[in-house]
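Structure, as structure tokens:
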Amino acid sequence: MKRVGEVQSSNYLLAKFENLVDWAVNSSRANSLWPMPFGTACCAIEFMATAASRFDFARFGMERQAFSPRQADVLICAGRLPFKLAPVIRRIYDQMPQPKWVISMGACASTGGVFDNYAMVQGIDTIVPVDVYVPGCPPRPEGLLYGILLLHKKIKGESLFDAVKRRDEQPLDDKGLRLPPETIDEISEPFGNSVHQFRSS
Amino acid sequence: MIPGAVREAVARDGEHIVYVTRERLLETMTWLKETPGQEFDYLVDVTAVEFRDRERPLEVVYFLRSLKRRVDIRIKVELAPADELAVDSIWHLWHGADWLEREVFDMFGVTFKGHPDLRRILMWETYAEGYPLRKSFPLRGRFSRAEQVRQALNANPEAHYSLEELSIADAEGELPEDMRERLLKGERGKIPEPPASNP
């Protein structure tokens, strides 16, 4: 908000209406996120620690955990995602109302982690769009809290009047993929120790 | 005991392993369960082992325990690589073998003849890449990651369970029409043919 120099009194401010609305809406959204925990592994234990009294993410407005996707606005995938759960998390994401965000918690949710094998999704961003990646195996509660604060920052930078950011996620084609197949193959490339393994057929 | 059933019996470190021929497995198991003095009434586990040596047969392993006599026994059936991978199901003796045999089928591709509902249990039913715990199976699977993601997203998880498995058989009359239809129809995928093993 800018002060206009010509005016003698400092008792009022001038601002663009859009900025005022964005400020009000985004502060409300960021400071009262309702998380939908999708806990599949040990990251969920750290998630529970983050929710419990010692770390207490209610301090950052996440007072109410929503165990129903229809009353949630941030999906926290805590743990590795097997291919068998891929359609499940996809449907949970589709069931959440806009606006919605996704935090990928831990190495496995973000990249597949140590599970570079036939059964595991190599990063949930091949299934749903992700806003914040929290590294760690599992991340400590401080790590998740930092990720949540980053998400706050991201939300506060959004604008209601920018239609592109809040559009619904549409699959690319009838195959249900959200990324082109080449991109999925590329981001699922082996890394670290797993480069020493090879696809034998 | 049953003549010609035992191929070899090993007792080592207090453990008893009996190798049984494939043809006599069912008879032997019945005998072990029902003969006074044997009474192996508890089936602990069914699993399988494939060895790195390609000549060595794949073994299906049964862990039995007699709760009354407090003794264990391990029964093994060897399936030579040239033969078909099939043994008789012991579901009729121990109903607990249901899911155990399904798991061995899912992971190793061993067919259990006489099993009431032999289909995949860990992987989804339309999984087409083969049997993951076989030595010929590549660690990351046979398809590209993009193809795996596509197939996973197109799996319909609700279609793979029967009414009984969903524990809503009693509520069948109260289910929404479309859900009931879908469940009764069972829209199950076709169980894929086992892939040709690697040369």
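We name chains A, B, ... following the order of the structure tokens; residues begin at 1 in each chain, and ligands are numbered from 1 as shown.
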
Can you list, as a PyMOL selection string, all residues belonging to stretch 21-152 of chain B that DSSP tags as alpha helix (DSSP H)?
chain B and resi 25-34+97-108+145-152

Determine, for each residue of chain A having at least one atom at most 10 Å from an atom of chain B, the closest pair of atoms and their separation in Å to one decimal, counting only C-alpha atoms; order by chain and ascending number, as a Markdown table.
```
| residue | atom | partner | partner_atom | distance |
| --- | --- | --- | --- | --- |
| A:Pro82 | CA | B:Ala152 | CA | 9.3 |
| A:Phe83 | CA | B:Ala152 | CA | 5.5 |
| A:Lys84 | CA | B:Ala152 | CA | 6.4 |
| A:Leu85 | CA | B:Ala152 | CA | 8.2 |
| A:Ala86 | CA | B:Leu153 | CA | 6.0 |
| A:Pro87 | CA | B:Leu153 | CA | 4.8 |
| A:Val88 | CA | B:Pro157 | CA | 7.7 |
| A:Ile89 | CA | B:Leu153 | CA | 9.8 |
| A:Arg90 | CA | B:Leu153 | CA | 7.9 |
| A:Arg91 | CA | B:Leu153 | CA | 9.7 |
| A:Phe115 | CA | B:Arg140 | CA | 9.5 |
| A:Asp116 | CA | B:Arg140 | CA | 6.6 |
| A:Asn117 | CA | B:Arg140 | CA | 4.2 |
| A:Tyr118 | CA | B:Arg140 | CA | 4.1 |
| A:Ala119 | CA | B:Arg140 | CA | 7.8 |
| A:Met120 | CA | B:Arg140 | CA | 8.9 |
| A:Val121 | CA | B:Val149 | CA | 7.3 |
| A:Gln122 | CA | B:Arg145 | CA | 8.1 |
| A:Thr126 | CA | B:Val149 | CA | 7.6 |
| A:Ile127 | CA | B:Val149 | CA | 7.8 |
| A:Asp174 | CA | B:Asn154 | CA | 9.7 |
| A:Lys175 | CA | B:Arg150 | CA | 6.2 |
| A:Gly176 | CA | B:Leu153 | CA | 6.5 |
| A:Leu177 | CA | B:Arg150 | CA | 6.2 |
| A:Arg178 | CA | B:Arg150 | CA | 9.7 |
| A:Leu179 | CA | B:Ala146 | CA | 9.0 |
| A:Pro180 | CA | B:Ala146 | CA | 8.2 |
| A:Pro181 | CA | B:Ala146 | CA | 4.9 |
| A:Glu182 | CA | B:Ala146 | CA | 7.3 |
| A:Thr183 | CA | B:Ala146 | CA | 8.2 |
| A:Ile184 | CA | B:Ala146 | CA | 5.4 |
| A:Asp185 | CA | B:Arg145 | CA | 5.4 |
| A:Glu186 | CA | B:Arg145 | CA | 8.9 |
| A:Ile187 | CA | B:Arg145 | CA | 9.3 |
| A:Ser188 | CA | B:Arg145 | CA | 6.7 |
| A:Glu189 | CA | B:Arg145 | CA | 8.8 |
| A:Pro190 | CA | B:Arg140 | CA | 9.7 |
| A:Gln197 | CA | B:Leu139 | CA | 8.0 |
| A:Phe198 | CA | B:Pro138 | CA | 7.8 |
| A:Arg199 | CA | B:Pro138 | CA | 5.6 |
| A:Ser200 | CA | B:Pro138 | CA | 5.4 |
| A:Ser201 | CA | B:Arg142 | CA | 6.7 |
```

I need the residues from that last selection saved to file as a short mmCIF file (atom, residue, chain, number, x, y, z; two decimals), in the first residue's frame (with C-alpha atoms), if you can.
```
data_model
loop_
_atom_site.label_atom_id
_atom_site.label_comp_id
_atom_site.auth_asym_id
_atom_site.auth_seq_id
_atom_site.Cartn_x
_atom_site.Cartn_y
_atom_site.Cartn_z
CA PRO A 82 3.19 -47.59 -3.89
CA PHE A 83 1.65 -47.82 -7.36
CA LYS A 84 -1.35 -49.50 -5.81
CA LEU A 85 -2.10 -46.29 -3.89
CA ALA A 86 -1.58 -44.00 -6.88
CA PRO A 87 -5.25 -43.99 -7.98
CA VAL A 88 -6.24 -43.48 -4.33
CA ILE A 89 -4.19 -40.33 -3.75
CA ARG A 90 -5.28 -39.09 -7.15
CA ARG A 91 -8.93 -39.45 -6.19
CA PHE A 115 12.56 -47.62 -2.99
CA ASP A 116 13.71 -47.52 -6.59
CA ASN A 117 11.82 -50.69 -7.43
CA TYR A 118 8.89 -52.12 -9.32
CA ALA A 119 6.27 -51.27 -6.74
CA MET A 120 6.88 -47.62 -5.88
CA VAL A 121 5.90 -44.30 -7.42
CA GLN A 122 9.06 -42.29 -8.07
CA THR A 126 4.00 -37.77 -11.27
CA ILE A 127 0.48 -38.25 -9.85
CA ASP A 174 -7.47 -40.23 -21.62
CA LYS A 175 -4.50 -42.08 -20.14
CA GLY A 176 -4.86 -40.09 -16.92
CA LEU A 177 -1.27 -38.86 -16.84
CA ARG A 178 -0.67 -35.31 -15.65
CA LEU A 179 2.81 -35.10 -17.16
CA PRO A 180 4.01 -36.24 -20.57
CA PRO A 181 5.44 -39.81 -20.47
CA GLU A 182 8.93 -38.57 -21.39
CA THR A 183 8.91 -36.23 -18.39
CA ILE A 184 7.85 -39.02 -16.04
CA ASP A 185 10.61 -41.27 -17.37
CA GLU A 186 13.11 -38.47 -17.00
CA ILE A 187 12.30 -37.57 -13.42
CA SER A 188 12.16 -41.26 -12.49
CA GLU A 189 15.73 -41.87 -13.63
CA PRO A 190 17.81 -43.83 -11.12
CA GLN A 197 21.41 -51.55 -10.69
CA PHE A 198 20.13 -52.05 -14.17
CA ARG A 199 16.98 -52.98 -15.96
CA SER A 200 17.78 -56.47 -17.14
CA SER A 201 15.18 -56.98 -19.85
#
```

Contacts of stretch 55-57 of chain B within 6 Å, only C-alpha atoms, excl. fewer than 2 positions in-chain, as a PyMOL selection string
chain B and resi 53+78-81

Output of the above residues as a PDB file, in the first residue's frame, restricted to C-alpha atoms:
```pdb
ATOM      1  CA  ASP B  53      21.444 -71.307  -9.547  1.00  0.00           C
ATOM      2  CA  GLU B  78      10.627 -78.966  -5.253  1.00  0.00           C
ATOM      3  CA  LEU B  79       9.403 -77.769  -8.643  1.00  0.00           C
ATOM      4  CA  ALA B  80      11.949 -78.380 -11.379  1.00  0.00           C
ATOM      5  CA  PRO B  81      12.487 -75.536 -13.850  1.00  0.00           C
TER       6      PRO B  81
END
```

Please run DSSP on the backbone and report, as JSON, numbers by chain, all residues within stretch 41-141 of chain A that come out as strand (DSSP E or B).
{"A": [74, 75, 76, 77, 78, 82, 101, 102, 103, 104, 105, 120, 132, 133, 134]}

Using only C-alpha atoms, which residues sit within 6 Å of stretch 107-114 of chain B once same-chain residues fewer than 6 positions away are excluded, as a ChimeraX atom specification?
/B:85-89,131-134

Given the selection you just returned, output its residues as a file containing N, CA and C atoms, formatted as a PDB file, in the first residue's frame.
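Contents of the output file part.pdb:
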```pdb
ATOM      1  N   LEU B  85       4.862 -74.901 -12.943  1.00  0.00           N
ATOM      2  CA  LEU B  85       4.909 -74.463 -11.556  1.00  0.00           C
ATOM      3  C   LEU B  85       3.526 -74.625 -10.947  1.00  0.00           C
ATOM      4  N   ALA B  86       3.243 -75.841 -10.476  1.00  0.00           N
ATOM      5  CA  ALA B  86       1.922 -76.060  -9.906  1.00  0.00           C
ATOM      6  C   ALA B  86       1.995 -77.109  -8.812  1.00  0.00           C
ATOM      7  N   VAL B  87       1.303 -76.876  -7.712  1.00  0.00           N
ATOM      8  CA  VAL B  87       1.153 -77.882  -6.659  1.00  0.00           C
ATOM      9  C   VAL B  87      -0.316 -77.898  -6.252  1.00  0.00           C
ATOM     10  N   ASP B  88      -0.681 -78.918  -5.473  1.00  0.00           N
ATOM     11  CA  ASP B  88      -2.056 -78.969  -4.978  1.00  0.00           C
ATOM     12  C   ASP B  88      -2.234 -77.965  -3.855  1.00  0.00           C
ATOM     13  N   SER B  89      -3.401 -77.362  -3.823  1.00  0.00           N
ATOM     14  CA  SER B  89      -3.698 -76.426  -2.744  1.00  0.00           C
ATOM     15  C   SER B  89      -4.015 -77.197  -1.468  1.00  0.00           C
ATOM     16  N   TYR B 131       5.967 -61.792 -12.213  1.00  0.00           N
ATOM     17  CA  TYR B 131       5.985 -62.187 -10.813  1.00  0.00           C
ATOM     18  C   TYR B 131       7.235 -61.608 -10.150  1.00  0.00           C
ATOM     19  N   PRO B 132       7.062 -60.602  -9.299  1.00  0.00           N
ATOM     20  CA  PRO B 132       8.182 -59.767  -8.861  1.00  0.00           C
ATOM     21  C   PRO B 132       9.303 -60.478  -8.113  1.00  0.00           C
ATOM     22  N   LEU B 133       9.039 -61.569  -7.408  1.00  0.00           N
ATOM     23  CA  LEU B 133      10.120 -62.165  -6.635  1.00  0.00           C
ATOM     24  C   LEU B 133      10.891 -63.232  -7.405  1.00  0.00           C
ATOM     25  N   ARG B 134      10.539 -63.422  -8.675  1.00  0.00           N
ATOM     26  CA  ARG B 134      11.317 -64.360  -9.486  1.00  0.00           C
ATOM     27  C   ARG B 134      12.663 -63.742  -9.838  1.00  0.00           C
TER      28      ARG B 134
END
```

Counting only C-alpha atoms, the residue of A:Arg64, A:His152, A:Arg70, A:Arg59 that sits nearest A:Pro35:
A:Arg64

Which residues, written as an NGL selection string, have at least one atom at most 10 Å from A:Ile103, with only C-alpha atoms counted and residues fewer than 3 positions away on the same chain left out?
:A and (35 or 37 or 74-78 or 106 or 109-110 or 124 or 129-134 or 144 or 147-148 or 151)

Using only C-alpha atoms, which protein or nucleic acid residues come within 12 Å of A:Ile45? Drop anything in the same chain fewer than 6 positions from it, and give the result as a list in words.
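Counting only the stated atoms, we get Pro37, Phe38, Gly39, Ala51, Ala52, Ala78, Gly79, Met105, Gly106, Cys137, Pro138, Pro139, Arg140, Pro141 and Leu144 of chain A.
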
Save the residues we just selected, C-alpha atoms, as a short mmCIF file (atom, residue, chain, number, x, y, z; two decimals), in the first residue's frame?
```cif
data_model
loop_
_atom_site.label_atom_id
_atom_site.label_comp_id
_atom_site.auth_asym_id
_atom_site.auth_seq_id
_atom_site.Cartn_x
_atom_site.Cartn_y
_atom_site.Cartn_z
CA PRO A 37 -2.84 -36.23 6.36
CA PHE A 38 -2.08 -39.05 3.94
CA GLY A 39 0.31 -41.06 6.07
CA ALA A 51 0.83 -32.25 15.33
CA ALA A 52 1.31 -33.14 18.99
CA ALA A 78 3.77 -38.46 4.51
CA GLY A 79 5.54 -41.57 3.31
CA MET A 105 6.83 -34.95 3.00
CA GLY A 106 10.05 -36.96 2.99
CA CYS A 137 14.21 -39.54 5.90
CA PRO A 138 12.00 -38.86 7.72
CA PRO A 139 12.12 -35.07 8.13
CA ARG A 140 12.17 -33.85 11.70
CA PRO A 141 9.10 -31.89 12.84
CA LEU A 144 7.83 -30.09 8.23
#
```

Rounded to one decimal, what separation in Å do you get between atom CA of B:Ala97 and atom CA of B:Glu15?
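Distance between the two atoms: 22.0 Å.
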
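Proximity to A:Met36 at 8 Å, evaluated using only C-alpha atoms and with sequence-adjacent residues fewer than 6 positions away removed, yields Gln65, Ala66, Phe67, Ser68, Pro69, Ala72, Asp73, Val74, Leu75 and Ile76 of chain A.
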